file target19.json (JSON, C-alpha atoms and all ligand atoms)
[["chain", "number", "residue", "atom", "x", "y", "z"],
["A", 20, "MET", "CA", 8.57, -105.89, 12.60],
["A", 21, "SER", "CA", 7.03, -102.44, 12.11],
["A", 22, "GLU", "CA", 5.90, -101.37, 8.65],
["A", 23, "LEU", "CA", 8.43, -99.33, 6.69],
["A", 24, "GLY", "CA", 7.87, -95.59, 6.54],
["A", 25, "ILE", "CA", 7.41, -93.83, 3.21],
["A", 26, "LEU", "CA", 9.89, -91.43, 1.66],
["A", 27, "TYR", "CA", 7.95, -88.63, -0.05],
["A", 28, "ILE", "CA", 9.74, -86.50, -2.64],
["A", 29, "VAL", "CA", 7.89, -83.20, -2.39],
["A", 30, "ALA", "CA", 8.08, -80.39, -4.95],
["A", 31, "THR", "CA", 8.06, -76.87, -3.51],
["A", 32, "PRO", "CA", 7.63, -73.50, -5.32],
["A", 33, "ILE", "CA", 10.33, -72.01, -7.60],
["A", 34, "GLY", "CA", 9.49, -68.47, -6.46],
["A", 35, "ASN", "CA", 5.81, -67.84, -5.86],
["A", 36, "LEU", "CA", 4.92, -69.48, -2.54],
["A", 37, "ASP", "CA", 1.32, -69.98, -3.67],
["A", 38, "ASP", "CA", 2.54, -72.62, -6.10],
["A", 39, "ILE", "CA", 2.70, -75.31, -3.41],
["A", 40, "SER", "CA", -0.01, -77.96, -3.77],
["A", 41, "ARG", "CA", -2.59, -78.83, -1.10],
["A", 42, "ARG", "CA", -1.32, -82.39, -1.13],
["A", 43, "ALA", "CA", 2.27, -81.20, -0.57],
["A", 44, "ILE", "CA", 1.13, -79.22, 2.50],
["A", 45, "ASP", "CA", -0.80, -82.23, 3.86],
["A", 46, "ILE", "CA", 2.19, -84.52, 3.42],
["A", 47, "LEU", "CA", 4.63, -82.00, 4.97],
["A", 48, "LYS", "CA", 2.29, -81.77, 7.99],
["A", 49, "SER", "CA", 1.79, -85.51, 8.34],
["A", 50, "VAL", "CA", 5.37, -86.83, 8.09],
["A", 51, "GLN", "CA", 7.58, -87.22, 11.17],
["A", 52, "LEU", "CA", 10.55, -85.45, 9.60],
["A", 53, "ILE", "CA", 11.39, -83.19, 6.65],
["A", 54, "ALA", "CA", 14.83, -83.60, 5.09],
["A", 55, "ALA", "CA", 15.69, -80.24, 3.52],
["A", 56, "GLU", "CA", 18.59, -79.06, 1.38],
["A", 57, "ASP", "CA", 18.93, -75.92, 3.50],
["A", 58, "THR", "CA", 16.88, -75.93, 6.69],
["A", 59, "ARG", "CA", 17.15, -72.16, 7.22],
["A", 60, "HIS", "CA", 15.89, -71.46, 3.70],
["A", 61, "SER", "CA", 12.99, -73.92, 4.05],
["A", 62, "LYS", "CA", 11.87, -72.51, 7.41],
["A", 63, "ARG", "CA", 10.35, -69.49, 5.61],
["A", 64, "LEU", "CA", 8.21, -71.72, 3.42],
["A", 65, "MET", "CA", 7.19, -73.86, 6.42],
["A", 66, "GLN", "CA", 6.12, -70.74, 8.31],
["A", 67, "SER", "CA", 4.06, -69.49, 5.39],
["A", 68, "ILE", "CA", 2.16, -72.80, 5.12],
["A", 69, "GLN", "CA", 2.06, -73.33, 8.91],
["A", 70, "VAL", "CA", 4.01, -76.56, 8.99],
["A", 71, "ASP", "CA", 5.96, -77.23, 12.18],
["A", 72, "THR", "CA", 7.35, -80.67, 11.37],
["A", 73, "PRO", "CA", 11.02, -80.96, 12.45],
["A", 74, "LEU", "CA", 13.55, -80.22, 9.70],
["A", 75, "VAL", "CA", 16.84, -82.01, 9.22],
["A", 76, "SER", "CA", 19.55, -81.10, 6.73],
["A", 77, "HIS", "CA", 20.12, -83.31, 3.70],
["A", 78, "HIS", "CA", 22.31, -82.48, 0.72],
["A", 79, "ASP", "CA", 24.66, -84.17, -1.73],
["A", 80, "PHE", "CA", 27.53, -83.88, 0.75],
["A", 81, "SER", "CA", 25.62, -85.39, 3.68],
["A", 82, "SER", "CA", 27.76, -87.95, 5.45],
["A", 83, "GLU", "CA", 27.10, -91.65, 5.08],
["A", 84, "SER", "CA", 25.97, -91.74, 8.73],
["A", 85, "ALA", "CA", 23.49, -88.87, 8.23],
["A", 86, "ILE", "CA", 21.93, -90.76, 5.30],
["A", 87, "ARG", "CA", 21.89, -93.99, 7.36],
["A", 88, "LYS", "CA", 19.98, -92.13, 10.10],
["A", 89, "ILE", "CA", 17.24, -91.16, 7.64],
["A", 90, "LEU", "CA", 17.11, -94.69, 6.26],
["A", 91, "SER", "CA", 16.83, -96.23, 9.71],
["A", 92, "LYS", "CA", 13.99, -93.86, 10.59],
["A", 93, "LEU", "CA", 12.17, -95.12, 7.48],
["A", 94, "GLN", "CA", 12.91, -98.67, 8.61],
["A", 95, "SER", "CA", 11.43, -97.97, 12.02],
["A", 96, "GLY", "CA", 8.17, -96.87, 10.40],
["A", 97, "GLN", "CA", 8.59, -93.08, 10.33],
["A", 98, "SER", "CA", 7.65, -91.29, 7.11],
["A", 99, "ILE", "CA", 9.92, -88.60, 5.78],
["A", 100, "ALA", "CA", 9.53, -85.84, 3.17],
["A", 101, "LEU", "CA", 12.50, -84.71, 1.10],
["A", 102, "ILE", "CA", 12.41, -81.14, -0.20],
["A", 103, "SER", "CA", 14.99, -78.95, -1.91],
["A", 104, "ASP", "CA", 15.45, -75.17, -1.87],
["A", 105, "ALA", "CA", 13.13, -74.79, -4.86],
["A", 106, "GLY", "CA", 11.17, -76.91, -7.30],
["A", 107, "THR", "CA", 11.41, -80.65, -7.65],
["A", 108, "PRO", "CA", 14.10, -82.44, -5.62],
["A", 109, "LEU", "CA", 16.67, -84.40, -7.67],
["A", 110, "ILE", "CA", 16.21, -82.10, -10.69],
["A", 111, "SER", "CA", 19.68, -80.47, -10.48],
["A", 112, "ASP", "CA", 19.19, -80.91, -6.74],
["A", 113, "PRO", "CA", 20.23, -83.41, -4.06],
["A", 114, "GLY", "CA", 18.45, -86.67, -3.26],
["A", 115, "TYR", "CA", 19.51, -89.30, -5.79],
["A", 116, "LYS", "CA", 21.56, -91.36, -3.32],
["A", 117, "LEU", "CA", 18.85, -91.25, -0.66],
["A", 118, "VAL", "CA", 16.15, -92.32, -3.13],
["A", 119, "LEU", "CA", 18.27, -95.20, -4.42],
["A", 120, "LEU", "CA", 19.18, -96.46, -0.93],
["A", 121, "ALA", "CA", 15.57, -96.13, 0.26],
["A", 122, "ARG", "CA", 14.42, -98.21, -2.69],
["A", 123, "GLN", "CA", 17.14, -100.77, -2.07],
["A", 124, "GLN", "CA", 15.99, -101.25, 1.52],
["A", 125, "GLY", "CA", 12.42, -101.76, 0.30],
["A", 126, "SER", "CA", 10.93, -98.40, 1.37],
["A", 127, "ALA", "CA", 8.23, -96.90, -0.84],
["A", 128, "VAL", "CA", 9.33, -93.65, -2.50],
["A", 129, "ILE", "CA", 6.37, -91.53, -3.53],
["A", 130, "PRO", "CA", 6.51, -88.32, -5.61],
["A", 131, "ILE", "CA", 4.39, -85.31, -4.68],
["A", 132, "PRO", "CA", 4.72, -83.46, -7.99],
["A", 133, "GLY", "CA", 4.67, -79.72, -8.47],
["A", 134, "ALA", "CA", 6.80, -76.88, -9.75],
["A", 135, "SER", "CA", 10.01, -77.29, -11.67],
["A", 136, "ALA", "CA", 11.76, -74.50, -13.55],
["A", 137, "MET", "CA", 12.40, -76.91, -16.42],
["A", 138, "THR", "CA", 8.76, -77.78, -17.14],
["A", 139, "ALA", "CA", 7.54, -74.24, -16.40],
["A", 140, "ALA", "CA", 9.96, -72.81, -18.98],
["A", 141, "LEU", "CA", 9.27, -75.52, -21.58],
["A", 142, "SER", "CA", 5.54, -74.94, -21.30],
["A", 143, "VAL", "CA", 5.82, -71.30, -22.41],
["A", 144, "ALA", "CA", 8.89, -71.33, -24.68],
["A", 145, "GLY", "CA", 7.14, -71.73, -28.00],
["A", 146, "LEU", "CA", 9.75, -74.30, -29.08],
["A", 147, "PRO", "CA", 9.05, -77.98, -29.81],
["A", 148, "THR", "CA", 8.43, -79.96, -26.60],
["A", 149, "ASP", "CA", 7.61, -83.37, -28.06],
["A", 150, "ARG", "CA", 11.23, -84.43, -27.48],
["A", 151, "PHE", "CA", 13.77, -82.63, -25.32],
["A", 152, "VAL", "CA", 17.00, -83.22, -23.41],
["A", 153, "PHE", "CA", 17.75, -81.76, -20.01],
["A", 154, "GLU", "CA", 21.38, -80.74, -19.61],
["A", 155, "GLY", "CA", 21.15, -79.09, -16.18],
["A", 156, "PHE", "CA", 24.03, -76.69, -15.52],
["A", 157, "LEU", "CA", 26.83, -76.34, -18.06],
["A", 158, "SER", "CA", 30.41, -76.14, -16.85],
["A", 159, "GLY", "CA", 31.51, -72.85, -15.30],
["A", 160, "LYS", "CA", 34.77, -73.04, -17.22],
["A", 161, "SER", "CA", 34.64, -71.55, -20.67],
["A", 162, "GLY", "CA", 36.68, -74.26, -22.45],
["A", 163, "ALA", "CA", 34.74, -77.13, -20.92],
["A", 164, "ARG", "CA", 31.45, -75.35, -21.61],
["A", 165, "GLN", "CA", 32.29, -74.87, -25.27],
["A", 166, "LYS", "CA", 33.14, -78.57, -25.55],
["A", 167, "GLN", "CA", 29.79, -79.49, -23.98],
["A", 168, "LEU", "CA", 28.01, -77.21, -26.43],
["A", 169, "GLN", "CA", 29.96, -78.61, -29.40],
["A", 170, "ALA", "CA", 28.79, -82.09, -28.39],
["A", 171, "LEU", "CA", 25.20, -80.75, -28.47],
["A", 172, "ALA", "CA", 25.52, -78.82, -31.76],
["A", 173, "ARG", "CA", 23.84, -81.55, -33.86],
["A", 174, "GLU", "CA", 21.26, -82.51, -31.21],
["A", 175, "LYS", "CA", 17.87, -82.53, -32.94],
["A", 176, "ARG", "CA", 15.81, -82.44, -29.74],
["A", 177, "THR", "CA", 15.08, -79.22, -27.84],
["A", 178, "ILE", "CA", 17.79, -78.62, -25.20],
["A", 179, "VAL", "CA", 17.03, -77.38, -21.68],
["A", 180, "ILE", "CA", 19.82, -75.70, -19.71],
["A", 181, "TYR", "CA", 19.92, -74.12, -16.24],
["A", 182, "GLU", "CA", 22.02, -71.00, -15.86],
["A", 183, "SER", "CA", 22.93, -68.51, -13.14],
["A", 184, "THR", "CA", 23.24, -64.75, -13.20],
["A", 185, "HIS", "CA", 27.08, -64.93, -13.15],
["A", 186, "ARG", "CA", 27.38, -66.83, -16.39],
["A", 187, "ILE", "CA", 24.29, -66.02, -18.41],
["A", 188, "ILE", "CA", 26.05, -63.68, -20.86],
["A", 189, "ALA", "CA", 29.17, -65.85, -21.33],
["A", 190, "SER", "CA", 26.99, -68.91, -21.77],
["A", 191, "LEU", "CA", 24.72, -67.29, -24.37],
["A", 192, "GLU", "CA", 27.75, -65.94, -26.26],
["A", 193, "ASP", "CA", 29.18, -69.46, -26.39],
["A", 194, "MET", "CA", 25.82, -70.80, -27.61],
["A", 195, "ARG", "CA", 25.73, -68.16, -30.35],
["A", 196, "ASP", "CA", 29.29, -69.03, -31.42],
["A", 197, "VAL", "CA", 28.82, -72.81, -31.33],
["A", 198, "PHE", "CA", 25.18, -73.17, -32.51],
["A", 199, "GLY", "CA", 25.29, -70.22, -34.90],
["A", 200, "SER", "CA", 23.80, -66.77, -34.52],
["A", 201, "GLN", "CA", 20.46, -67.81, -36.05],
["A", 202, "ARG", "CA", 19.63, -70.71, -33.70],
["A", 203, "GLN", "CA", 16.35, -70.02, -31.87],
["A", 204, "ILE", "CA", 16.71, -69.72, -28.10],
["A", 205, "PHE", "CA", 14.21, -68.99, -25.33],
["A", 206, "ILE", "CA", 15.34, -67.32, -22.11],
["A", 207, "ALA", "CA", 13.09, -67.66, -19.04],
["A", 208, "ARG", "CA", 14.17, -65.39, -16.22],
["A", 209, "GLU", "CA", 12.82, -65.35, -12.65],
["A", 210, "LEU", "CA", 9.84, -67.61, -13.39],
["A", 211, "THR", "CA", 6.84, -67.03, -11.11],
["A", 212, "LYS", "CA", 8.63, -64.10, -9.40],
["A", 213, "LEU", "CA", 8.11, -60.35, -9.41],
["A", 214, "PHE", "CA", 10.58, -59.61, -12.20],
["A", 215, "GLU", "CA", 9.73, -62.58, -14.40],
["A", 216, "SER", "CA", 10.69, -61.97, -18.03],
["A", 217, "HIS", "CA", 10.90, -64.04, -21.19],
["A", 218, "PHE", "CA", 12.71, -63.63, -24.48],
["A", 219, "LEU", "CA", 12.45, -65.77, -27.63],
["A", 220, "GLY", "CA", 14.68, -65.04, -30.59],
["A", 221, "SER", "CA", 17.88, -65.92, -32.44],
["A", 222, "ALA", "CA", 21.05, -66.55, -30.41],
["A", 223, "ALA", "CA", 22.37, -63.17, -31.58],
["A", 224, "ASP", "CA", 19.15, -61.42, -30.49],
["A", 225, "CYS", "CA", 19.30, -63.17, -27.10],
["A", 226, "VAL", "CA", 22.81, -61.81, -26.45],
["A", 227, "ALA", "CA", 21.63, -58.34, -27.51],
["A", 228, "TRP", "CA", 18.59, -58.60, -25.20],
["A", 229, "LEU", "CA", 20.80, -59.51, -22.23],
["A", 230, "GLU", "CA", 23.22, -56.68, -23.00],
["A", 231, "GLN", "CA", 20.57, -54.04, -23.58],
["A", 232, "ASP", "CA", 19.57, -53.88, -19.88],
["A", 233, "SER", "CA", 21.72, -55.10, -16.97],
["A", 234, "ASN", "CA", 18.51, -56.10, -15.14],
["A", 235, "HIS", "CA", 17.99, -58.74, -17.84],
["A", 236, "GLN", "CA", 21.11, -60.50, -16.51],
["A", 237, "LYS", "CA", 19.89, -60.72, -12.91],
["A", 238, "GLY", "CA", 18.21, -63.69, -11.25],
["A", 239, "GLU", "CA", 17.72, -67.32, -12.16],
["A", 240, "PHE", "CA", 17.48, -68.59, -15.73],
["A", 241, "VAL", "CA", 16.30, -71.47, -17.82],
["A", 242, "VAL", "CA", 17.67, -71.40, -21.36],
["A", 243, "ILE", "CA", 15.88, -73.47, -23.98],
["A", 244, "VAL", "CA", 17.62, -74.06, -27.28],
["A", 245, "ALA", "CA", 15.82, -75.26, -30.41],
["A", 246, "GLY", "CA", 17.20, -78.54, -31.71],
["A", 247, "CYS", "CA", 19.48, -78.59, -34.73],
["A", 248, "ASP", "CA", 17.71, -78.31, -38.06],
["A", 249, "GLU", "CA", 20.03, -80.20, -40.45],
["A", 250, "GLU", "CA", 19.16, -77.99, -43.44],
["A", 251, "GLN", "CA", 19.76, -74.79, -41.50],
["A", 252, "GLU", "CA", 22.98, -76.20, -40.10],
["A", 253, "GLU", "CA", 24.26, -77.09, -43.59],
["A", 254, "ALA", "CA", 23.33, -73.60, -44.83],
["A", 255, "ARG", "CA", 25.29, -72.09, -41.92],
["A", 256, "LYS", "CA", 28.33, -74.23, -42.72],
["A", 257, "GLN", "CA", 28.11, -73.37, -46.41],
["A", 258, "GLN", "CA", 28.04, -69.68, -45.56],
["A", 259, "GLN", "CA", 31.03, -70.01, -43.24],
["A", 260, "ALA", "CA", 32.91, -72.11, -45.83],
["A", 261, "LEU", "CA", 32.17, -69.60, -48.59],
["A", 262, "GLU", "CA", 33.76, -66.87, -46.50],
["A", 263, "ILE", "CA", 36.89, -69.00, -46.10],
["A", 264, "VAL", "CA", 36.97, -69.75, -49.85],
["A", 265, "THR", "CA", 36.82, -66.01, -50.57],
["A", 266, "LEU", "CA", 39.77, -65.42, -48.24],
["A", 267, "LEU", "CA", 41.83, -68.23, -49.76],
["A", 268, "ARG", "CA", 41.07, -67.58, -53.42],
["A", 269, "ASP", "CA", 44.04, -65.26, -54.05],
["A", 270, "GLU", "CA", 46.48, -67.81, -52.66],
["A", 271, "VAL", "CA", 45.28, -71.17, -53.97],
["A", 272, "SER", "CA", 43.14, -72.68, -56.72],
["A", 273, "MET", "CA", 39.36, -72.79, -56.34],
["A", 274, "LYS", "CA", 39.49, -76.57, -55.92],
["A", 275, "LYS", "CA", 42.04, -76.34, -53.14],
["A", 276, "ALA", "CA", 40.21, -73.45, -51.42],
["A", 277, "VAL", "CA", 36.97, -75.46, -51.45],
["A", 278, "ALA", "CA", 38.72, -78.56, -50.08],
["A", 279, "ILE", "CA", 40.27, -76.59, -47.19],
["A", 280, "ALA", "CA", 37.07, -74.69, -46.37],
["A", 281, "SER", "CA", 35.02, -77.86, -46.41],
["A", 282, "GLN", "CA", 37.49, -79.58, -44.11],
["A", 283, "ILE", "CA", 37.45, -76.69, -41.63],
["A", 284, "THR", "CA", 33.67, -76.22, -41.53],
["A", 285, "GLY", "CA", 32.28, -79.66, -42.40],
["A", 286, "ALA", "CA", 30.30, -78.10, -45.28],
["A", 287, "ARG", "CA", 29.47, -80.47, -48.16],
["A", 288, "LYS", "CA", 32.29, -80.16, -50.71],
["A", 289, "ASN", "CA", 30.35, -80.63, -53.96],
["A", 290, "ARG", "CA", 27.67, -78.19, -52.99],
["A", 291, "LEU", "CA", 30.28, -75.67, -51.81],
["A", 292, "TYR", "CA", 32.15, -76.00, -55.10],
["A", 293, "GLU", "CA", 28.96, -75.34, -57.08],
["A", 294, "VAL", "CA", 28.08, -72.24, -55.02],
["A", 295, "ALA", "CA", 31.68, -70.99, -55.06],
["A", 296, "LEU", "CA", 31.74, -71.26, -58.87],
["A", 297, "GLN", "CA", 28.48, -69.36, -59.16],
["A", 298, "THR", "CA", 29.73, -66.52, -56.99],
["A", 299, "ALA", "CA", 33.28, -66.40, -58.45],
["A", 300, "GLU", "CA", 34.43, -63.91, -61.10],
["A", 301, "PRO", "CA", 34.46, -65.60, -64.59],
["A", 302, "ASP", "CA", 38.28, -65.78, -64.71],
["A", 303, "GLU", "CA", 38.59, -67.16, -61.17],
["A", 304, "THR", "CA", 37.61, -70.79, -61.85],
["B", 401, "LIG", "N1", 15.00, -78.34, -8.49],
["B", 401, "LIG", "C1", 14.82, -77.14, -9.22],
["B", 401, "LIG", "C2", 13.75, -77.36, -10.30],
["B", 401, "LIG", "O1", 12.96, -78.27, -10.18],
["B", 401, "LIG", "O2", 13.71, -76.59, -11.26],
["B", 401, "LIG", "C3", 16.13, -76.65, -9.80],
["B", 401, "LIG", "C4", 17.19, -76.39, -8.78],
["B", 401, "LIG", "S1", 18.69, -75.80, -9.46],
["B", 401, "LIG", "C5", 19.76, -75.91, -8.10],
["B", 401, "LIG", "C6", 18.45, -74.08, -9.53],
["B", 401, "LIG", "C7", 18.38, -73.58, -10.96],
["B", 401, "LIG", "O3", 17.09, -73.81, -11.49],
["B", 401, "LIG", "C8", 18.61, -72.09, -11.11],
["B", 401, "LIG", "O4", 19.98, -71.77, -11.18],
["B", 401, "LIG", "C9", 17.91, -71.80, -12.41],
["B", 401, "LIG", "O5", 18.70, -72.18, -13.51],
["B", 401, "LIG", "C10", 16.71, -72.74, -12.31],
["B", 401, "LIG", "N2", 15.59, -72.04, -11.64],
["B", 401, "LIG", "C11", 15.10, -72.27, -10.42],
["B", 401, "LIG", "N3", 14.09, -71.43, -10.15],
["B", 401, "LIG", "C12", 13.95, -70.64, -11.24],
["B", 401, "LIG", "C13", 13.09, -69.57, -11.57],
["B", 401, "LIG", "N4", 12.17, -69.13, -10.72],
["B", 401, "LIG", "N5", 13.21, -69.00, -12.80],
["B", 401, "LIG", "C14", 14.13, -69.43, -13.67],
["B", 401, "LIG", "N6", 14.99, -70.44, -13.40],
["B", 401, "LIG", "C15", 14.89, -71.03, -12.19]]
call {"tool": "encode", "arguments": {"input": "target19.json", "output": "structure tokens"}}
result
Amino acid sequence: MSELGILYIVATPIGNLDDISRRAIDILKSVQLIAAEDTRHSKRLMQSIQVDTPLVSHHDFSSESAIRKILSKLQSGQSIALISDAGTPLISDPGYKLVLLARQQGSAVIPIPGASAMTAALSVAGLPTDRFVFEGFLSGKSGARQKQLQALAREKRTIVIYESTHRIIASLEDMRDVFGSQRQIFIARELTKLFESHFLGSAADCVAWLEQDSNHQKGEFVVIVAGCDEEQEEARKQQQALEIVTLLRDEVSMKKAVAIASQITGARKNRLYEVALQTAEPDET
């Protein structure tokens, strides 16, 4: 029986074509076949690095039989490289099923690491990177997106999100509303490309930055959100609750207003009561 071929998972540039590694070029030249997310798109890169290895299409919707064909080529001893349109395959890109099936049939799966928008953005954000969660793309539907964000509101680790030009404003507005206007957020736009730009600031400032120039909304984005700081979060809730108490004070007793506000916002009741008393008129208690 012939030796199994190797499946190489090869990272390609996320914009600047010079970001491909020498090893990636060598592997792309030496394999018998390159499985690409979009063969037409990848042809440009292949031309620029003078690789003429045959390309075959592979994406998440590839038929079972198309995947079987790749697997049987590996079984017959041919080596194959998997690439995506940009960056590291499988990172919000196709390939998971192929990698799993290749492993299950005993083929070696070898990474050829390189660019990824996620790590590029994290490395320059100026936000903690010791622990982070990668969320990929949020839902395109506003309600579902807000629910996803609500589930992340107390996340202490830095959060990495991919976003497209169509939704960048709506997404950032939702983040401001759910995480609070003061949450620190880093926006990385068009990394490694001609119009690369970065912005680090509060959620409110990020929305303002996007709105201030329509060019800021164009291109590809990584959004990095600072994890939840419990103290800051409690201060935000207290502030929100205090506003509710002020609104309710003419209608109900201070105790009742505090109870309602604390239930709505999740602010700590005792602390809210203390602060509300301090800020109330003497005859209001
Ligand atoms: N596999 C890729 C990687 O390793 O980063 C990600 C592919 S995903 C389909 C495409 C998304 O990645 C874009 O919508 C954007 O959120 C992000 N992205 C890719 N290239 C980027 C770039 N040059 N600048 C900013 N974000 C980028």
call {"tool": "atom_distance", "arguments": {"input": "target19.json", "atom1": "atom CA of A:Ile129", "atom2": "atom CA of A:Asp104"}}
result
18.8 Å
call {"tool": "closest_atom_pairs", "arguments": {"input": "target19.json", "of": "chain A", "to": "ligand LIG 401 (chain B)", "cutoff": "9 Å", "atoms": "all atoms listed in the file", "output": "tab-separated table"}}
result
residue	atom	partner	partner_atom	distance
A:Ala30	CA	B:LIG401	O1	7.5
A:Thr31	CA	B:LIG401	O1	8.4
A:Pro32	CA	B:LIG401	N4	8.3
A:Ile33	CA	B:LIG401	N3	4.6
A:Gly34	CA	B:LIG401	N4	5.1
A:Asn35	CA	B:LIG401	N4	8.1
A:Ser103	CA	B:LIG401	N1	6.6
A:Asp104	CA	B:LIG401	C4	7.2
A:Ala105	CA	B:LIG401	C1	5.2
A:Gly106	CA	B:LIG401	O1	3.7
A:Thr107	CA	B:LIG401	O1	3.8
A:Pro108	CA	B:LIG401	N1	5.1
A:Leu109	CA	B:LIG401	N1	6.3
A:Ile110	CA	B:LIG401	N1	4.5
A:Ser111	CA	B:LIG401	S1	4.9
A:Asp112	CA	B:LIG401	C5	5.2
A:Pro113	CA	B:LIG401	N1	8.5
A:Gly133	CA	B:LIG401	O1	8.6
A:Ala134	CA	B:LIG401	O1	6.3
A:Ser135	CA	B:LIG401	O1	3.4
A:Ala136	CA	B:LIG401	O2	3.7
A:Met137	CA	B:LIG401	O2	5.3
A:Thr138	CA	B:LIG401	O2	7.8
A:Ala139	CA	B:LIG401	O2	8.4
A:Ala140	CA	B:LIG401	C14	7.6
A:Gly155	CA	B:LIG401	O5	7.8
A:Phe156	CA	B:LIG401	O5	7.3
A:Ile180	CA	B:LIG401	O5	7.2
A:Tyr181	CA	B:LIG401	O5	3.6
A:Glu182	CA	B:LIG401	O5	4.2
A:Ser183	CA	B:LIG401	O4	4.8
A:Thr184	CA	B:LIG401	O4	8.0
A:Ile206	CA	B:LIG401	C14	8.8
A:Ala207	CA	B:LIG401	C14	5.7
A:Arg208	CA	B:LIG401	C14	4.8
A:Glu209	CA	B:LIG401	N5	3.7
A:Leu210	CA	B:LIG401	N5	3.7
A:Thr211	CA	B:LIG401	N4	5.7
A:Lys212	CA	B:LIG401	N4	6.3
A:Glu215	CA	B:LIG401	N5	7.5
A:Gly238	CA	B:LIG401	C14	7.4
A:Glu239	CA	B:LIG401	N6	4.3
A:Phe240	CA	B:LIG401	N6	3.9
A:Val241	CA	B:LIG401	N6	4.7
A:Val242	CA	B:LIG401	O5	8.0
call {"tool": "residues_near_point", "arguments": {"input": "target19.json", "point": "(17.8, -64.7, -29.0)", "cutoff": "10 Å", "atoms": "all atoms listed in the file", "output": "VMD selection string"}}
result
chain A and resid 191 195 200 to 206 218 to 229 244
call {"tool": "closest_residue", "arguments": {"input": "target19.json", "among": "A:Met194, A:Val152, A:Leu146, A:Leu141", "to": "A:Gln167", "atoms": "all atoms listed in the file"}}
result
A:Met194
call {"tool": "closest_residue", "arguments": {"input": "target19.json", "among": "A:Gly246, A:Gly159, A:Gly285, A:Gly24", "to": "A:Gln124", "atoms": "all atoms listed in the file"}}
result
A:Gly24
call {"tool": "atom_distance", "arguments": {"input": "target19.json", "atom1": "atom CA of A:Ser98", "atom2": "atom CA of A:Ile44"}}
result
14.5 Å
call {"tool": "residues_around", "arguments": {"input": "target19.json", "residues": "stretch 74-82 of chain A", "least_positions_apart": "4", "cutoff": "12 Å", "atoms": "all atoms listed in the file", "output": "ChimeraX atom specification"}}
result
/A:47-48,50-65,70,86-89,99-104,108-109,111-118
call {"tool": "atom_distance", "arguments": {"input": "target19.json", "atom1": "atom CA of A:Leu26", "atom2": "atom CA of A:Gly125"}}
result
10.7 Å
call {"tool": "residues_around", "arguments": {"input": "target19.json", "residues": "A:Thr284", "least_positions_apart": "2", "cutoff": "10 Å", "atoms": "all atoms listed in the file", "output": "list in words"}}
result
Glu253, Arg255, Lys256, Gln257, Gln258, Gln259, Ala260, Leu261, Ile263, Ile279, Ala280, Ser281, Gln282, Ala286 and Arg287 of chain A
call {"tool": "residues_around", "arguments": {"input": "target19.json", "residues": "stretch 266-273 of chain A", "least_positions_apart": "2", "cutoff": "9 Å", "atoms": "only C-alpha atoms", "output": "list of chain:residue names"}}
result
A:Leu261, A:Glu262, A:Ile263, A:Val264, A:Lys275, A:Ala276, A:Val277, A:Ala278, A:Ile279, A:Ala280, A:Tyr292, A:Ala295, A:Leu296, A:Glu303, A:Thr304
call {"tool": "write_last_selection", "arguments": {"input": "target19.json", "atoms": "C-alpha atoms", "output": "mmCIF file, keeping the file's coordinate frame"}}
result
data_model
loop_
_atom_site.group_PDB
_atom_site.id
_atom_site.type_symbol
_atom_site.label_atom_id
_atom_site.label_comp_id
_atom_site.auth_asym_id
_atom_site.auth_seq_id
_atom_site.Cartn_x
_atom_site.Cartn_y
_atom_site.Cartn_z
ATOM 1 C CA LEU A 261 32.170 -69.600 -48.590
ATOM 2 C CA GLU A 262 33.760 -66.870 -46.500
ATOM 3 C CA ILE A 263 36.890 -69.000 -46.100
ATOM 4 C CA VAL A 264 36.970 -69.750 -49.850
ATOM 5 C CA LYS A 275 42.040 -76.340 -53.140
ATOM 6 C CA ALA A 276 40.210 -73.450 -51.420
ATOM 7 C CA VAL A 277 36.970 -75.460 -51.450
ATOM 8 C CA ALA A 278 38.720 -78.560 -50.080
ATOM 9 C CA ILE A 279 40.270 -76.590 -47.190
ATOM 10 C CA ALA A 280 37.070 -74.690 -46.370
ATOM 11 C CA TYR A 292 32.150 -76.000 -55.100
ATOM 12 C CA ALA A 295 31.680 -70.990 -55.060
ATOM 13 C CA LEU A 296 31.740 -71.260 -58.870
ATOM 14 C CA GLU A 303 38.590 -67.160 -61.170
ATOM 15 C CA THR A 304 37.610 -70.790 -61.850
#
call {"tool": "closest_residue", "arguments": {"input": "target19.json", "among": "A:Ile46, A:Ala189, A:Leu36, A:Leu23", "to": "A:Gln97", "atoms": "only C-alpha atoms"}}
result
A:Leu23
call {"tool": "residues_near_point", "arguments": {"input": "target19.json", "point": "(11.7, -100.2, 12.1)", "cutoff": "9 Å", "atoms": "only C-alpha atoms", "output": "list in words"}}
result
Met20, Ser21, Glu22, Leu23, Gly24, Ser91, Lys92, Leu93, Gln94, Ser95, Gly96 and Gln97 of chain A
call {"tool": "closest_residue", "arguments": {"input": "target19.json", "among": "A:Asp232, A:Glu293, A:Asp193, A:Glu174", "to": "A:Ser158", "atoms": "only C-alpha atoms"}}
result
A:Asp193
call {"tool": "axis_aligned_box", "arguments": {"input": "target19.json", "around": "stretch 163-182 of chain A", "padding_each_side": "6 Å", "output": "JSON"}}
result
{"center_x": 24.9, "center_y": -76.8, "center_z": -24.9, "size_x": 31.7, "size_y": 23.5, "size_z": 30.0}
call {"tool": "closest_residue", "arguments": {"input": "target19.json", "among": "A:Ala144, A:Ala254, A:Val197, A:Ala85", "to": "A:Arg290", "atoms": "all atoms listed in the file"}}
result
A:Ala254
